[in-house]
$ cat work-v8.txt   # compact mmCIF, C-alpha atoms
# COMPACT_ATOMS: atom_id res chain seq x y z
CA MET K 236 115.40 133.97 121.89
CA PRO K 237 113.80 131.30 119.70
CA HIS K 238 114.12 129.83 116.29
CA ILE K 239 110.64 129.29 114.86
CA ILE K 240 109.67 126.05 113.15
CA ALA K 241 106.24 126.18 111.49
CA ILE K 242 104.42 122.97 110.53
CA GLU K 243 101.63 123.56 108.01
CA HIS K 244 98.44 121.54 108.03
CA SER K 245 98.31 118.20 106.21
CA GLU K 246 97.36 114.60 106.95
CA ALA K 247 101.04 113.96 107.73
CA GLN K 248 101.28 116.81 110.24
CA ARG K 249 101.23 114.75 113.45
CA ARG K 250 103.90 112.43 112.09
CA GLN K 251 105.99 115.40 110.96
CA LEU K 252 105.68 116.92 114.44
CA ALA K 253 106.70 113.68 116.14
CA GLU K 254 109.65 113.24 113.81
CA LYS K 255 110.81 116.82 114.35
CA LEU K 256 110.55 116.49 118.15
CA SER K 257 112.52 113.24 118.03
CA GLU K 258 115.18 114.84 115.84
CA LEU K 259 115.46 117.83 118.17
CA GLU K 260 115.66 115.66 121.27
CA LYS K 261 118.55 113.72 119.77
CA SER K 262 120.25 117.05 119.07
CA GLY K 263 119.89 118.16 122.68
CA TYR K 264 116.57 120.02 122.55
CA PRO K 265 114.16 118.11 124.82
CA LEU K 266 110.48 119.04 124.76
CA SER K 267 109.81 121.24 127.78
CA ALA K 268 106.21 122.41 127.30
CA LYS K 269 103.14 122.51 125.08
CA TYR K 270 100.82 125.51 124.75
CA GLU K 271 97.69 126.63 122.92
CA ALA K 272 98.11 129.83 120.90
CA GLY K 273 94.59 130.87 121.89
CA ASP K 274 95.73 131.22 125.50
CA PHE K 275 97.85 134.25 124.57
CA GLU K 276 96.63 137.74 123.70
CA SER K 277 99.52 138.52 121.34
CA TRP K 278 102.90 137.38 120.06
CA GLN K 279 104.51 139.56 122.73
CA ASP K 280 102.48 137.84 125.44
CA MET K 281 103.41 134.41 124.07
CA PHE K 282 107.11 135.24 123.81
CA SER K 283 107.26 136.54 127.39
CA THR K 284 105.56 133.38 128.69
CA VAL K 285 107.07 130.69 126.50
CA ILE K 286 110.66 131.86 126.13
CA GLN K 287 111.91 131.22 129.65
CA PRO K 288 115.23 129.60 130.52
CA GLY K 289 114.77 125.94 131.43
CA LEU K 290 115.54 124.82 134.94
CA PHE K 291 117.22 121.60 133.94
CA ALA K 292 118.35 122.19 130.36
CA SER K 293 120.02 125.09 128.59
CA ARG K 294 118.35 124.14 125.31
CA GLU K 295 114.73 123.16 124.79
CA SER K 296 111.81 122.74 122.41
CA VAL K 297 108.32 124.10 122.95
CA VAL K 298 105.17 123.36 120.93
CA VAL K 299 102.41 125.87 120.30
CA GLU K 300 99.22 124.36 118.86
CA GLY K 301 96.61 126.34 116.93
CA ALA K 302 99.13 128.89 115.63
CA GLU K 303 96.71 130.04 112.91
CA THR K 304 94.86 132.08 115.57
CA LEU K 305 97.86 134.39 115.98
CA GLU K 306 98.03 137.72 114.17
CA PRO K 307 100.67 138.29 111.46
CA PHE K 308 104.13 138.32 113.00
CA PRO K 309 104.92 141.80 114.40
CA GLU K 310 107.85 143.68 112.91
CA GLU K 311 109.15 144.76 116.32
CA LEU K 312 109.89 141.13 117.26
CA VAL K 313 111.83 140.23 114.12
CA SER K 314 115.15 141.18 115.72
CA LEU K 315 114.53 138.67 118.49
CA LEU K 316 114.46 135.67 116.15
CA GLU K 317 117.51 133.44 115.92
CA ASP K 318 118.71 130.81 113.46
CA ASP K 319 118.57 127.05 113.95
CA LYS K 320 121.40 127.20 116.51
CA ALA K 321 119.17 129.03 119.02
CA ASP K 322 118.73 127.69 122.55
CA CYS K 323 114.95 127.51 122.12
CA MET K 324 113.08 125.85 119.25
CA MET K 325 109.50 127.12 119.08
CA ILE K 326 107.37 124.75 116.98
CA LEU K 327 104.18 126.38 115.71
CA VAL K 328 101.51 123.91 114.60
CA PHE K 329 98.99 125.30 112.08
CA SER K 330 95.61 123.98 111.00
CA THR K 331 96.09 126.07 107.84
CA ASP K 332 99.12 127.26 105.90
CA SER K 333 101.66 129.57 107.55
CA LYS K 334 100.85 132.75 105.59
CA THR K 335 100.80 134.82 108.82
CA LEU K 336 104.56 134.25 108.92
CA LYS K 337 105.17 135.39 105.34
CA SER K 338 107.19 138.42 106.43
CA ILE K 339 109.74 136.24 108.27
CA ALA K 340 109.64 133.16 106.02
CA SER K 341 113.31 133.50 105.11
CA SER K 342 114.36 133.52 108.77
CA ILE K 343 112.42 130.47 110.00
CA THR K 344 112.00 126.79 109.18
CA ILE K 345 108.72 125.89 107.44
CA ILE K 346 107.68 122.24 107.18
CA LYS K 347 105.21 122.00 104.30
CA PRO K 348 102.79 119.20 103.41
CA GLU K 349 104.38 116.13 101.87
CA ALA K 350 104.29 116.23 98.08
CA GLN K 351 101.51 114.04 96.68
CA LEU K 352 102.70 111.52 94.14
CA PRO K 353 100.80 110.63 90.96
CA PRO K 354 99.34 107.09 91.02
CA TRP K 355 101.97 105.68 88.66
CA LYS K 356 104.80 106.66 91.04
CA ARG K 357 103.31 105.33 94.27
CA LYS K 358 104.52 101.75 93.79
CA ASP K 359 108.19 102.75 93.52
CA TRP K 360 107.70 105.15 96.44
CA LEU K 361 106.36 102.26 98.53
CA LEU K 362 109.29 100.05 97.59
CA ASP K 363 111.72 102.79 98.67
CA LEU K 364 109.72 103.48 101.83
CA ALA K 365 109.84 99.81 102.84
CA LYS K 366 113.60 99.74 102.23
CA SER K 367 114.08 102.87 104.36
CA GLN K 368 112.18 101.16 107.18
CA GLY K 369 114.38 98.07 106.98
CA CYS K 370 111.86 95.74 105.38
CA ARG K 371 111.04 94.37 101.94
CA ILE K 372 107.79 94.30 99.98
CA SER K 373 107.27 92.54 96.68
CA PRO K 374 106.52 94.81 93.71
CA ASP K 375 103.17 93.10 93.21
CA ALA K 376 102.18 93.69 96.83
CA ALA K 377 103.28 97.32 96.55
CA GLN K 378 101.23 97.68 93.37
CA MET K 379 98.16 96.23 95.05
CA LEU K 380 98.47 98.66 97.95
CA SER K 381 99.04 101.67 95.68
CA ASP K 382 96.03 100.71 93.54
CA SER K 383 93.75 100.43 96.55
CA ILE K 384 94.80 103.18 98.98
CA GLU K 385 95.00 106.82 97.94
CA SER K 386 96.38 108.36 101.14
CA GLN K 387 100.19 108.34 101.36
CA GLU K 388 99.97 108.63 105.13
CA GLU K 389 97.73 105.57 105.26
CA LEU K 390 100.16 103.73 103.00
CA ARG K 391 102.97 104.53 105.47
CA GLY K 392 100.90 102.99 108.24
CA GLU K 393 100.20 99.87 106.17
CA ILE K 394 103.91 99.34 105.48
CA SER K 395 104.70 99.58 109.20
CA LYS K 396 101.92 97.14 110.08
CA LEU K 397 102.85 94.66 107.36
CA ALA K 398 106.53 94.81 108.31
CA LEU K 399 105.71 93.80 111.88
CA TYR K 400 103.62 90.89 110.58
CA ALA K 401 106.12 89.66 107.99
CA GLY K 402 109.19 89.95 110.19
CA LYS K 403 112.38 89.38 108.21
CA ARG K 404 110.69 87.91 105.13
CA GLU K 405 109.36 89.84 102.16
CA ILE K 406 105.82 91.26 102.40
CA THR K 407 103.66 89.44 99.85
CA ILE K 408 100.30 89.91 98.14
CA ALA K 409 98.84 87.33 100.55
CA ASP K 410 99.94 89.52 103.49
CA VAL K 411 98.32 92.57 101.95
CA GLU K 412 95.07 90.71 101.27
CA ALA K 413 95.00 89.35 104.81
CA LEU K 414 95.84 92.52 106.75
CA SER K 415 95.29 95.63 104.65
CA PHE K 416 91.73 95.23 103.46
CA ASP K 417 88.55 95.44 105.46
CA GLU K 418 85.29 94.34 103.86
CA GLY K 419 85.29 97.46 101.71
CA GLY K 420 88.86 96.88 100.58
CA ARG K 421 88.15 93.28 99.66
CA ALA K 422 85.06 94.37 97.75
CA GLN K 423 87.15 96.88 95.83
CA MET K 424 89.71 94.23 94.87
CA MET K 425 86.88 91.95 93.75
CA PHE K 426 85.50 94.87 91.73
CA ILE K 427 88.82 95.66 90.00
CA ASP K 428 89.80 92.06 89.29
CA GLY K 429 86.24 91.24 88.23
CA ILE K 430 86.34 93.94 85.55
CA CYS K 431 89.77 92.86 84.31
CA ASP K 432 88.77 89.17 84.22
CA SER K 433 85.28 89.84 82.79
CA LYS K 434 83.44 88.39 85.79
CA PRO K 435 80.19 90.40 85.91
CA HIS K 436 78.86 88.44 88.88
CA ASP K 437 81.85 89.47 91.02
CA VAL K 438 81.55 93.08 89.85
CA ALA K 439 77.83 93.20 90.66
CA ARG K 440 78.43 91.75 94.15
CA ALA K 441 81.20 94.26 94.83
CA ILE K 442 79.15 97.23 93.61
CA THR K 443 76.37 96.33 96.04
CA PHE K 444 78.82 97.03 98.85
CA LEU K 445 80.81 99.86 97.28
CA ARG K 446 77.71 101.84 96.32
CA GLU K 447 77.35 102.99 99.93
CA ASP K 448 80.29 105.39 99.42
CA SER K 449 81.53 107.84 96.79
CA ILE K 450 82.68 106.58 93.40
CA LEU K 451 86.00 108.42 93.66
CA GLN K 452 88.09 105.68 95.27
CA PRO K 453 86.93 102.73 93.08
CA LEU K 454 87.01 105.02 90.04
CA ALA K 455 90.64 105.95 90.76
CA ALA K 456 91.50 102.29 91.48
CA ILE K 457 90.12 100.93 88.22
CA THR K 458 91.69 103.70 86.11
CA ASN K 459 95.04 103.05 87.80
CA ARG K 460 94.68 99.34 87.03
CA LEU K 461 93.72 99.92 83.39
CA ARG K 462 96.37 102.57 82.69
CA PRO K 463 98.82 99.96 81.28
CA ALA K 464 96.03 98.63 79.04
CA LEU K 465 95.46 102.15 77.75
CA MET K 466 99.18 102.53 76.99
CA LEU K 467 99.14 99.26 75.06
CA ALA K 468 95.99 100.30 73.22
CA CYS K 469 97.38 103.69 72.18
CA PHE K 470 100.88 102.78 71.00
CA PRO K 471 102.23 100.33 68.41
CA GLU K 472 103.77 97.14 69.72
CA SER K 473 107.29 98.40 69.02
CA LEU K 474 106.73 101.16 71.61
CA HIS K 475 104.90 99.10 74.24
CA ALA K 476 107.85 98.65 76.59
CA GLN K 477 108.80 102.32 76.35
CA ALA K 478 105.20 103.47 76.95
CA LEU K 479 104.75 101.16 79.94
CA ASN K 480 108.04 102.25 81.49
CA ALA K 481 107.04 105.89 81.06
CA ALA K 482 103.81 105.09 82.94
CA GLY K 483 105.80 103.60 85.82
CA VAL K 484 105.22 99.94 84.93
CA ASP K 485 108.17 97.61 85.54
CA THR K 486 108.39 95.52 82.37
CA ALA K 487 111.59 93.76 83.44
CA LYS K 488 109.85 91.52 85.99
CA LYS K 489 108.78 88.10 84.84
CA TYR K 490 105.45 88.48 86.63
CA ASN K 491 103.67 91.74 87.36
CA TYR K 492 100.22 91.19 88.88
CA ALA K 493 98.75 94.55 87.87
CA LEU K 494 100.16 94.35 84.33
CA VAL K 495 98.86 90.81 83.88
CA LYS K 496 95.37 91.89 84.93
CA SER K 497 95.52 94.99 82.71
CA ARG K 498 96.64 92.95 79.70
CA ASN K 499 93.81 90.54 80.41
CA ALA K 500 91.31 93.41 80.33
CA LEU K 501 92.70 94.55 76.98
CA LYS K 502 92.33 91.01 75.63
CA GLN K 503 88.77 90.74 76.96
CA TYR K 504 87.45 94.06 75.68
CA GLY K 505 89.75 95.31 72.92
CA ALA K 506 91.59 98.58 72.46
CA GLU K 507 88.66 100.81 71.45
CA ARG K 508 86.47 99.81 74.41
CA ILE K 509 89.35 100.39 76.84
CA LYS K 510 89.91 103.86 75.36
CA ARG K 511 86.20 104.67 75.56
CA PHE K 512 85.98 103.48 79.16
CA MET K 513 88.99 105.54 80.24
CA MET K 514 87.60 108.65 78.55
CA GLY K 515 84.31 108.06 80.36
CA ALA K 516 86.16 107.65 83.66
CA ILE K 517 88.00 110.96 83.17
CA ARG K 518 84.67 112.65 82.44
CA LEU K 519 83.06 111.21 85.58
CA SER K 520 86.03 112.23 87.72
CA PHE K 521 85.68 115.82 86.48
CA LEU K 522 81.90 115.88 87.03
CA GLU K 523 82.30 114.60 90.60
CA LYS K 524 84.08 117.87 91.39
CA THR K 525 81.19 119.96 90.00
CA ASN K 526 77.47 120.23 90.71
CA ARG K 527 76.78 117.87 87.80
CA ALA K 528 78.07 114.67 89.41
CA GLU K 529 76.54 111.49 87.99
CA SER K 530 77.75 109.32 90.90
CA TRP K 531 77.12 105.59 90.76
CA GLN K 532 74.48 105.83 88.05
CA GLY K 533 76.98 107.24 85.58
CA PHE K 534 79.79 104.98 86.81
CA GLU K 535 77.75 101.80 86.40
CA ILE K 536 76.75 102.78 82.88
CA ILE K 537 80.37 102.88 81.66
CA ILE K 538 81.22 99.71 83.62
CA TRP K 539 78.42 97.64 82.10
CA GLU K 540 78.97 99.14 78.63
CA LEU K 541 82.58 97.93 78.86
CA MET K 542 81.73 94.49 80.20
CA ALA K 543 78.80 93.98 77.79
CA LYS K 544 81.17 94.94 74.95
CA VAL K 545 78.66 97.33 73.39

$ encode --input "work-v8.txt" --output "C-alpha cells"
Amino acid sequence: MPHIIAIEHSEAQRRQLAEKLSELEKSGYPLSAKYEAGDFESWQDMFSTVIQPGLFASRESVVVEGAETLEPFPEELVSLLEDDKADCMMILVFSTDSKTLKSIASSITIIKPEAQLPPWKRKDWLLDLAKSQGCRISPDAAQMLSDSIESQEELRGEISKLALYAGKREITIADVEALSFDEGGRAQMMFIDGICDSKPHDVARAITFLREDSILQPLAAITNRLRPALMLACFPESLHAQALNAAGVDTAKKYNYALVKSRNALKQYGAERIKRFMMGAIRLSFLEKTNRAESWQGFEIIIWELMAKV
C-alpha cells in the first residue's frame, strides 16, 4: 500500500515535483507511471489501478496529476496508508491546496508552496542560493536581480543561467545587465536609476515603454531601491547603520550599488520628499488591489512631484 505525497499548487510546483522524483529515484523508488486523477471514478478505483506490484522493481513512485478533482479521502481507506518506508510512493499533484486530504494530513507528506521572502531578504537569499548551486554572485549583482525580479522561481532560473555563463568566476552586474534583462528589464533599470540620479529624460523614455504594463513591478522596484533612503531619512545619523542593517542592507561593504543609488536619491530630493514619495507609493500599491486603482496616471504624478522637487 502507498505512502501519499501531496504537492500543493505554486509557481515552484514543477520544480518541487522534479526534485522529489529525483530524490526518490536515488532512494530506490523509480518512477513507474503517471496518471490523471480524472480518469478514475473514485479513490478506490484509483488505488486498485495504481497500486500494482512492479514487474521490475519492488519499490516505485507513481504520479497522479489533477488530484484536486478527487473527493475527500474516504475513511475506509485510511488503514491502507503506510509511512514513508512504503514500497509505493503516490505523488498527488494539486492545482489547488490539499484540503481534500485534511483528514489524513498527519499520515502523509505535504509539500507546500515555498515561503515568499520580503524584498529586503531576497538579496541574501540569492547569495545563499548561488552558493548552494556551487557558484558565486556579487552582492551588487544579487541586489540588482532582487530589485528587478519579483518571482523567486524566476530568480532561481536566472541564477542557473548566469552560473553557466560565468563559469568559475563570480557573477557580476555586467553579467546581469547582459543576460537577465529584456527590453522591459532594461527600461526598468533606466527608470529606477534615472529617478535616483535625477535624470528626467531617462525616466520619461523608460515610462514610455513601461506604461504598456501594470505599475506593480516598477512600483515595487523603485520602493525597494529607495527603502535605504527612507531609513536614512527617518533615523538620526547615529542610528543609520543599525537601521540599514535591520532593513537588510549590508553596510560593511565598501561599495553597495543599491545603497549608493539610494543615498544619491536622498541627496537629490531631501528627506521630506523621499518620505512623501514612499507614502504615495504605499497608497498606490493599496489602491491597485481595489476598484479605485489610479494606475500610471497616479504613479506618474508622484514620480514627477518627486523629481520636480515640489

$ closest_residue --input "work-v8.txt" --among "K:His475, K:His244, K:Arg357, K:Arg462" --to "Ala302 in chain K" --atoms "all atoms listed in the file"
K:His244

$ residues_around --input "work-v8.txt" --residues "Val299 in chain K" --least-positions-apart "5" --cutoff "7 Å" --atoms "all atoms listed in the file" --output "list of chain:residue names"
K:Lys269, K:Tyr270, K:Glu271, K:Ala272, K:Ile326, K:Leu327, K:Val328

$ atom_distance --input "work-v8.txt" --atom1 "CA of Leu522 in chain K" --atom2 "CA of Ile509 in chain K"
20.0 Å

$ closest_residue --input "work-v8.txt" --among "K:Gly515, K:Pro374, K:Pro237, K:Pro435" --to "Val285 in chain K" --atoms "only C-alpha atoms"
K:Pro237

$ residues_around --input "work-v8.txt" --residues "Leu336 in chain K" --least-positions-apart "2" --cutoff "12 Å" --atoms "only C-alpha atoms" --output "PyMOL selection string"
chain K and resi 239-243+278+302-310+313+327+329+331-334+338-345

$ atom_distance --input "work-v8.txt" --atom1 "CA of Gln503 in chain K" --atom2 "CA of Asp359 in chain K"
28.2 Å
